[in-house]
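A.B. asks: Supplied in structure tokens, the structure appears directly below.
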Amino acid sequence: MTHQMERPPAGPQARNPTPSQREGPPRASNWLAYTYPLAFLALAVACWFLVTGGGLVAPYVLPSPMDTWKAFADNTGYLWTHTLVTSVETVIGFVIASVVGVLVAVAMVYSPTMEKTFYPLILFAQVIPKIAIAPLFVVWLGFGPSPKILVAVLMAFFPVVISALSGLRSVDPELLELTSTMGASKVKTFCKVRFPAALPELLSGLKVAATLAVTGAVVGEFVGANAGLGYVILQANGTMDTAMLFAALFIMSLLGIVLFALIQIAEYFLIPWHASRRSRTRT
Amino acid sequence: MFAHSTDAASGPGAGPEGPSGPMVSVSGLDVTFQSKDRTVRALSDIDLQIETGEFISIAGPSGCGKSTLLRVIAGLTRASGGHVSLRGTPVQGPRRDVGFVFQRAALLDWRNARDNILFQAEMRGLPKAWARERADELIAMTGLTGFEKAMPFELSGGMQQRVSLCRALLHRPDVLLMDEPFGALDALTRETMNVELRRLWEATGMTVVLVTHSVAEAVYLASRSVVMSPRPGRIVEQFTIDIPGPREYETALEHPDFQRTAGRIRELLGSTSVND
């Protein structure tokens, strides 16, 4: 019996694992980790400059980085207002999808009847093209934010249910047998064993759901809206204001990235024990 | 020193003191598993009495139903026929008065060693102060001192299994049930764990039922060894292994009587079906 702690599998950078590596990763690898993505981004922007600066393409086809920035800077108030609208729709849609998705998954895990009832419905809701039913939601719910939220919910729901379902099922069956010899209630077992065990998969599902919720909200806005980034894009498209269109596109991407990052941060605090986080904190 | 006994009913009762009546009583037990196209008879007509303070090892090749027998005693698997009782009360569902150790440690990945041990107390709603004291006692007893704060992924297989053992013992169960607890460990670690488990049993006098496919483990650890054969699982013979005082691993293994018992068990099992 070795009275020694076994280290988890070391990451590529941790060739010589020492205790000090737990506190701080080596500087060189950190620097490298950011160099390649940043260099690639710089290259992409440089190409963008070259193509648009040389007069190879017309500005209404591809605006220059400067034009895009100008569209951005000159319309901050306008863009901010519409970003806020889309953000609220996205976040509300995402939260509803998460809560309902987890609840449905829990019901399905504990009751085979519920699973048989819900699964075809969920699958049907997933395979139906969202863009095709968005107009129907406008008919039902009008031009306000609710049809957009509904499309966002519909988009984000599926990955939440699927990841929660597989997460809740990933729990060690022996652990459940063990708790049955402890005489604990089902609720207690769920809170202390099943739900924590499901968190890693659930959180990766939430990341997918967050980015889809943005798409959902914008799709909803395309169909019928007088506010939001989807509306901005339609307006810009109509007036051939490609620079503005680009600015709106960038904000939309940023919105998805911010939501994604927020869940990443939540992961850091909620599942520091999980393998996917361990390798990241150590390399 | 090593008395052979084929009498299933009379265990010697190695414990210093014991209440009247056996700790575990199994009589005429049958277990059959029903699947779509066939019926598998896992256990057939098992009779086994376990007295308080005994260390019983159940040895047998894979598929002989030894794990099933253990699970039936814990109430995790339902008996198809016969009678099983624990401390005089019939086993009808998962029992709270047992401690269970699986082959895999089955720890909660998000809790450190100490909190994994205390999990037992939390689920049972035991007094916190009492549980903490008991956990520290067990941590000291199993050589986990210094690793209380370590997360499961930071622990070796042997250390993880110690945590699992502490968790199983926290509530002072009437009987400790172990299902091939050291099967996944390397030979050296396994040996150390055997010595420590034996010492723990000698110190506490608890009732232990251990399932193993290692003959050496079965003979070294137990006060009585039950040998089973497969298809359908039944008890073929029992050996009382009666050495007074602490057992040293090396001397015990080299003891002629010990080797004779081990040899006999190997013969019963058929050398090909056993690896140890």
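In the structure tokens, each chain is lettered A, B, ... as it comes, each chain's residues begin at 1, and ligands are numbered from 1 in order of appearance.
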Which neighbours of B:Met23 fall inside 10 Å, counting only C-alpha atoms, when residues of the same chain fewer than 3 positions from it are skipped, and could you give them as JSON, numbers by chain?

C.D. replies: {"B": [18, 19, 20, 49, 50, 51, 52, 53, 54, 85, 86, 87, 88, 89, 174, 175, 207]}

A.B. asks: Taking into account only C-alpha atoms, which residue in the set B:Leu76, B:Leu210, B:Ala131, B:Val40 is nearest to B:Val101?

C.D. replies: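 Selected residue with least distance to B:Val101: B:Leu210.
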
A.B. asks: Please indicate the distance in Å from atom CA of B:Gly63 to atom CA of B:Ala262, rounded to one decimal place.

C.D. replies: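 Computing the Euclidean distance for atom CA of B:Gly63 and atom CA of B:Ala262 yields 20.4 Å.
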
A.B. asks: Quick check, in Å to one decimal: how far apart do atom CA of B:Phe258 and atom CA of B:Ser225 lie?

C.D. replies: 11.9 Å

A.B. asks: Taking 5 positions as the minimum chain separation for residues in the same chain, which residues sit within 12 Å of B:Cys166 when counting only C-alpha atoms? Answer as a PyMOL selection string.

C.D. replies: chain B and resi 99-101+105+107+113-121+131-132+134-144+148+159-161+171-173+176+197+200

A.B. asks: For chain A, work out the contacting residues on chain B at 8 Å, counting only C-alpha atoms, and write them as an NGL selection string.

C.D. replies: :B and (74 or 76 or 94-100 or 102 or 106-110 or 120 or 123-124 or 151 or 153-156 or 158-159 or 188-190 or 192-193)

A.B. asks: Just want the 9 Å neighbourhood of stretch 145-152 of chain A, counted on only C-alpha atoms, with same-chain residues fewer than 2 positions away dropped. Output as a VMD selection string.

C.D. replies: chain A and resid 85 to 86 88 to 94 96 to 97 130 to 131 133 to 143 154 to 157 212 to 221 225 227

A.B. asks: Write down as an NGL selection string the residues of stretch 176-264 of chain B whose backbone DSSP state falls under strand (DSSP E or B).

C.D. replies: :B and (176-179 or 207-212 or 224-229 or 233-240)

A.B. asks: Measure the distance from atom CA of B:Arg247 to atom CA of B:Leu48 in Å and round it to one decimal.

C.D. replies: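 So the two atoms, atom CA of B:Arg247 and atom CA of B:Leu48, lie 25.3 Å apart.
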
A.B. asks: If we count only C-alpha atoms, what is near B:Asn194 at a cut-off of 9 Å, once residues fewer than 5 positions away on the same chain are taken out, given as a PyMOL selection string?

C.D. replies: chain B and resi 182+189+199+217+220-221+249

A.B. asks: What does the file look like for those residues with N, CA, C and O atoms, as a JSON list (two decimals), in the first residue's frame?

C.D. replies:
```
[["chain", "number", "residue", "atom", "x", "y", "z"],
["B", 182, "PHE", "N", -11.24, -6.12, -2.75],
["B", 182, "PHE", "CA", -9.87, -5.83, -3.17],
["B", 182, "PHE", "C", -9.57, -6.41, -4.54],
["B", 182, "PHE", "O", -8.42, -6.49, -4.96],
["B", 189, "THR", "N", -0.89, -4.16, -2.92],
["B", 189, "THR", "CA", -1.87, -3.36, -2.18],
["B", 189, "THR", "C", -2.90, -4.27, -1.53],
["B", 189, "THR", "O", -3.29, -4.09, -0.38],
["B", 199, "ARG", "N", -6.56, -7.18, 10.92],
["B", 199, "ARG", "CA", -6.24, -6.51, 12.18],
["B", 199, "ARG", "C", -7.47, -5.76, 12.72],
["B", 199, "ARG", "O", -7.77, -5.80, 13.91],
["B", 217, "GLU", "N", -6.82, -15.10, 0.07],
["B", 217, "GLU", "CA", -7.58, -14.11, 0.82],
["B", 217, "GLU", "C", -8.65, -14.78, 1.67],
["B", 217, "GLU", "O", -8.83, -14.47, 2.84],
["B", 220, "TYR", "N", -6.77, -16.71, 4.56],
["B", 220, "TYR", "CA", -6.03, -15.85, 5.48],
["B", 220, "TYR", "C", -6.97, -15.02, 6.36],
["B", 220, "TYR", "O", -6.78, -14.91, 7.57],
["B", 221, "LEU", "N", -7.99, -14.47, 5.76],
["B", 221, "LEU", "CA", -8.83, -13.51, 6.49],
["B", 221, "LEU", "C", -9.85, -14.16, 7.41],
["B", 221, "LEU", "O", -10.11, -13.68, 8.51],
["B", 249, "TYR", "N", 0.93, -12.27, 8.06],
["B", 249, "TYR", "CA", 0.65, -12.70, 6.70],
["B", 249, "TYR", "C", 1.58, -13.80, 6.24],
["B", 249, "TYR", "O", 1.13, -14.87, 5.81]]
```

A.B. asks: Any chance you could list, as a PyMOL selection string, the residues in stretch 73-273 of chain B that come up alpha helix (DSSP H) when DSSP is run on the backbone?

C.D. replies: chain B and resi 73-74+113-124+128-141+157-169+187-204+215-221+249-254+256-269
